[in-house]
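A.B. asks: Please find one structure pasted underneath; my questions will follow.
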Amino acid sequence: MEDIFKSLNPEQLKAVTAPDGPILVLAGAGSGKTRVLTTRIAHLIKQREVPPWQILSMTFTNKAAGEMRGRVAKLTGENKGLWVGTFHSIFAKLLRMEAQQVGLYVNFGIYDSDDQVRLIKSIMETLRVPVTQYAPKSIASVISKCKNGLIPPNQFMKSASTPFEEIAGKIYSAYENQLRLNQVFDFDDLITVPIQIFEKYPEILAKYQERFQYVHVDEYQDTNIAQYTLVRMLAEVHQNLYVVGDDDQSIYGWRGADIRNILDFEKDFPNTQIFRLEQNYRSTKTILKAASSVVVHNSGRKGKTLWTDGADGEKIELIETMDEREEASRIVEKTRDEVFKHKRTFKDFAILYRTSAQSRAIEDALRRGGMSYVIVGGVRFYERKEIKDALAYLKLIANPMDTVSLKRIINFPARGIGDVSLTHVQNYAAEQGKSIFDSLADVKQIPELTERAGTAIHTFNKMIVKYQQLIDEISPNELVHTLMDECGLLHNLKEDSTSEGQSRLENIREFLSAIKEYVEESDSPTLAGFLEGVALVSDVDTWNDKTNAITLMTLHSAKGLEFPVIFIPGMEENLFPISRALESPEQIEEERRLFYVGLTRAEQKVYLLYTNRRNTYGSESYRLPSRFIDEIDSSVIERKKSRSTTTSSSLPSSFTRPRISSQKIYADAHPDYEAFSQESTLLRKGLMVTHALFGRGQITSVEGSGKKMKVTVQFQNGSVKKFIAQYAQFDIG
DNA sequence: CGGATTTAACTTTTT
DNA sequence: GTTAAATCCG
């Protein structure tokens, strides 16, 4: 166990040891925010002798929660009963504990955004609203905004002023009914339903108010009205609410986060003690100056000035390029420079972009350069089609009322139950007031069904019922393995010999091992437990900083992380700030805060890149540099002219020039071998080369020539690798 | 009904 | 340039 106050600065110490009551810690980027929060909790347990089970601490990501749990445990040792988790997981747990008492279904399922949209679509069908008229997605976002703002369907319908809002209100109302009938909650429900329960059953609220005498919230600037309400309810009696946040890092307004929660904290909680953490331990003076010169353009800030004892550091480098391919290869080139000049390794770098679509060009360049990278985000594992299919089987077995899952898989893989047959069953279900699943058992009562469809439905029903009975008999692991086999999903993918099919099969296998892992690690593994875990994980949660690879992710997922070197490509108007944010000054300010978050991820060096021309799905567009670039204090930014700046090594400049390497790739599409074949002759047996990933080595053999030329290299670390000369990138020497 | 082929829609960010 | 939905054909 460590001395819990070890190396805290005076402000941090004051914040940690503050007396009871509402406390707001305004903590700038890199100022030791998580440290203060974890030390505070340890202080309560060790020095104020608060029992751990009276302490609740909420974060927004599982990763942050895990980190906090680990750090507190390190400081306190045993701390049984301490509740640390994401808002969603904590209240999902609470709902499971209280569901029965308030007449809700205990084994409720959780709908993610994809399930949500499917449900909305099917509601639109029954309401005869064409999906071409209003996008189900935009309806979903309206509904989510309502829920986050605690506006129930009837209230929303009353205030509806446009045809769109009227329809959305009707759908919202039907959507809520359907969720209850399906015995599921969506993400927003995990926050709003506990509020409803607390309002309706004061004795339940009182129980938790008594239990959680100390409530903590991390990243408080990201809370929405619903989360705020819930936190306020819990902390109302004891007033021991400890929140940590940074208004300059509020980047989730689009998800309902209300920046007023942090700006008005003092008003909402009288006698609030405020602490400001302004000493930054992460970045250079230069980076902090750049970040603060950007964010001062925002109005309505709490106002804070970050400072550091650290070095001035290098200037921010601004790089202009021709197109996104050059942009990507400049990143590769700069990475290589950094590796050589500053002895960095791949895990020191992160490339942060505004939209996931930007990753493609960069990935291509990194692969070409032989640099290992990991992507965080994009299509999340549990959102892949094949995984969602597999999950739908499990969800249906765990909860037969889940019609969205039922519809998803009743005919996948194809088993002869088409739209027509399903509609007959649905009509029957509606007439009888039964659920769709229960109606499956009544095929004989539905005369419209053909014999073939009837048999198929019967078989399907029997299979699901069988597994429902097996739930408590065999382990989830065993159940899923047999099920995947029997339902035909595995078979279906094994037949598919395309590379896409193979990768889907791989994903299913990974999914199976995830279940196995869950069963092995959990004390009391259940199917419902597994499904809940799956619904509430994000990608950043699984990112690990031990792998030696360059990290690629969106600026949003980067919050809370830090890297020695940061690249931010796509510094262009309409991309960053993104075009849709141009509508209102508030949204521009949020984009600016996002830029601030990006800059402050860096410890030592920031590269900003923009391009004059960019391909966005198909067509080309010409671009202007982002307004944010001009907002950076000119004393800390260095504009590098395109090209001519390459000074990476003493070898013929053509060899590392990215332009050449993109031409090489072009060579595939538009044969023009001259350029590279000349270069490739530079590679010969006995030559010493350096590869960004494998280090120094000697070429031991050269086979073929031109496009097909291959070289074998014996590296000093002992490994021997063979490269296609065209794609490999070496420095000579 | 199922599978194959064509078409359209898409890109903001996520628990 | 990808993926889901719509359409067509056997």
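How things are named: the first chain in the structure tokens is A, the next is B, and so on; residues count from 1 in each chain; ligands count from 1 in the order shown.
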Can you write out as JSON lines which residues of chain A fall within 7 Å of chain B, alongside each residue's closest atom pair and its distance in Å to one decimal, counting only C-alpha atoms (C1' of nucleotides) and ordering rows by chain and ascending residue number?

C.D. replies:
```
{"residue": "A:His88", "atom": "CA", "partner": "B:DT15", "partner_atom": "C1'", "distance": 6.7}
{"residue": "A:Phe187", "atom": "CA", "partner": "B:DT15", "partner_atom": "C1'", "distance": 6.9}
{"residue": "A:Thr355", "atom": "CA", "partner": "B:DT12", "partner_atom": "C1'", "distance": 6.0}
{"residue": "A:Ala357", "atom": "CA", "partner": "B:DT11", "partner_atom": "C1'", "distance": 6.8}
{"residue": "A:Gly416", "atom": "CA", "partner": "B:DC1", "partner_atom": "C1'", "distance": 6.4}
{"residue": "A:Gly418", "atom": "CA", "partner": "B:DC1", "partner_atom": "C1'", "distance": 6.5}
{"residue": "A:Leu536", "atom": "CA", "partner": "B:DT15", "partner_atom": "C1'", "distance": 6.9}
{"residue": "A:His556", "atom": "CA", "partner": "B:DT13", "partner_atom": "C1'", "distance": 6.2}
```

A.B. asks: Export N, CA and C atoms of the chosen residues as a JSON list (two decimals), in the first residue's frame?

C.D. replies:
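Final output, result.json:
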```
[["chain", "number", "residue", "atom", "x", "y", "z"],
["A", 88, "HIS", "N", -24.00, 3.86, -17.15],
["A", 88, "HIS", "CA", -24.90, 2.86, -17.70],
["A", 88, "HIS", "C", -24.80, 1.54, -16.97],
["A", 187, "PHE", "N", -30.33, 2.41, -24.25],
["A", 187, "PHE", "CA", -29.28, 3.03, -23.44],
["A", 187, "PHE", "C", -29.83, 4.14, -22.54],
["A", 355, "THR", "N", -13.39, 12.21, -38.37],
["A", 355, "THR", "CA", -14.36, 11.17, -38.76],
["A", 355, "THR", "C", -13.61, 9.87, -39.06],
["A", 357, "ALA", "N", -13.99, 7.78, -41.27],
["A", 357, "ALA", "CA", -13.73, 7.52, -42.69],
["A", 357, "ALA", "C", -12.33, 7.96, -43.10],
["A", 416, "GLY", "N", -36.78, -20.56, -44.99],
["A", 416, "GLY", "CA", -38.10, -20.64, -45.60],
["A", 416, "GLY", "C", -39.19, -19.90, -44.87],
["A", 418, "GLY", "N", -40.35, -16.35, -44.96],
["A", 418, "GLY", "CA", -40.18, -15.05, -45.60],
["A", 418, "GLY", "C", -41.07, -13.99, -45.00],
["A", 536, "LEU", "N", -22.68, -3.03, -23.12],
["A", 536, "LEU", "CA", -22.16, -1.81, -22.50],
["A", 536, "LEU", "C", -20.66, -1.58, -22.69],
["A", 556, "HIS", "N", -12.80, 12.11, -30.54],
["A", 556, "HIS", "CA", -13.68, 11.85, -29.40],
["A", 556, "HIS", "C", -13.16, 10.70, -28.53]]
```

A.B. asks: Produce a table with one row for each residue of chain C that has an atom at most 12 Å from any atom of chain A, each row naming the nearest atom pair and its distance in Å at one decimal; use only C-alpha atoms (C1' of nucleotides); arrange rows by chain and rising residue number; format as CSV.

C.D. replies:
```
residue,atom,partner,partner_atom,distance
C:DG1,C1',A:Tyr617,CA,5.9
C:DT2,C1',A:Tyr617,CA,8.9
C:DT3,C1',A:Lys385,CA,10.6
C:DA4,C1',A:Lys385,CA,10.8
C:DA5,C1',A:Val131,CA,11.5
```

A.B. asks: Okay, now the selection with N, CA, C and O atoms (P, O5', C5', C4', C3', O3' and C1' of nucleotides), as a CSV table (one decimal), in the first residue's frame?

C.D. replies:
```csv
chain,number,residue,atom,x,y,z
C,1,DG,P,-12.2,3.3,-54.8
C,1,DG,O5',-12.1,3.0,-53.2
C,1,DG,C5',-12.9,3.9,-52.5
C,1,DG,C4',-13.7,3.1,-51.6
C,1,DG,C3',-14.1,1.7,-52.1
C,1,DG,O3',-14.4,0.9,-50.9
C,1,DG,C1',-16.0,2.9,-52.0
C,2,DT,P,-14.4,-0.7,-51.0
C,2,DT,O5',-15.3,-1.0,-49.7
C,2,DT,C5',-15.3,-0.1,-48.6
C,2,DT,C4',-16.7,0.1,-48.0
C,2,DT,C3',-17.4,-1.3,-47.9
C,2,DT,O3',-17.8,-1.5,-46.6
C,2,DT,C1',-18.8,0.4,-48.9
C,3,DT,P,-18.3,-2.9,-46.1
C,3,DT,O5',-19.8,-2.7,-45.8
C,3,DT,C5',-20.2,-1.6,-45.0
C,3,DT,C4',-21.7,-1.5,-45.2
C,3,DT,C3',-22.5,-2.8,-45.2
C,3,DT,O3',-23.6,-2.6,-44.3
C,3,DT,C1',-23.0,-1.5,-47.2
C,4,DA,P,-24.4,-3.9,-43.8
C,4,DA,O5',-25.9,-3.5,-43.9
C,4,DA,C5',-26.2,-2.1,-43.6
C,4,DA,C4',-27.3,-1.7,-44.5
C,4,DA,C3',-28.5,-2.6,-44.6
C,4,DA,O3',-29.7,-1.9,-44.4
C,4,DA,C1',-27.8,-2.1,-46.8
C,5,DA,P,-31.1,-2.6,-44.2
C,5,DA,O5',-31.9,-2.2,-45.5
C,5,DA,C5',-31.9,-0.8,-45.9
C,5,DA,C4',-32.4,-0.7,-47.3
C,5,DA,C3',-33.7,-1.4,-47.6
C,5,DA,O3',-34.6,-0.5,-48.3
C,5,DA,C1',-32.0,-2.0,-49.2
```

A.B. asks: Using DSSP on the backbone coordinates, identify the residues of stretch 409-548 of chain A assigned to helix (DSSP H, G or I); present them as a PyMOL selection string.

C.D. replies: chain A and resi 409+419-432+436-445+451-470+476-487+489-495+499-521+527-535+539-542

A.B. asks: Work out how far apart atom CA of A:Ala290 and atom CA of A:Ile632 are and give it in Å to one decimal.

C.D. replies: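 Taking atom CA of A:Ala290 and atom CA of A:Ile632, their separation equals 5.3 Å.
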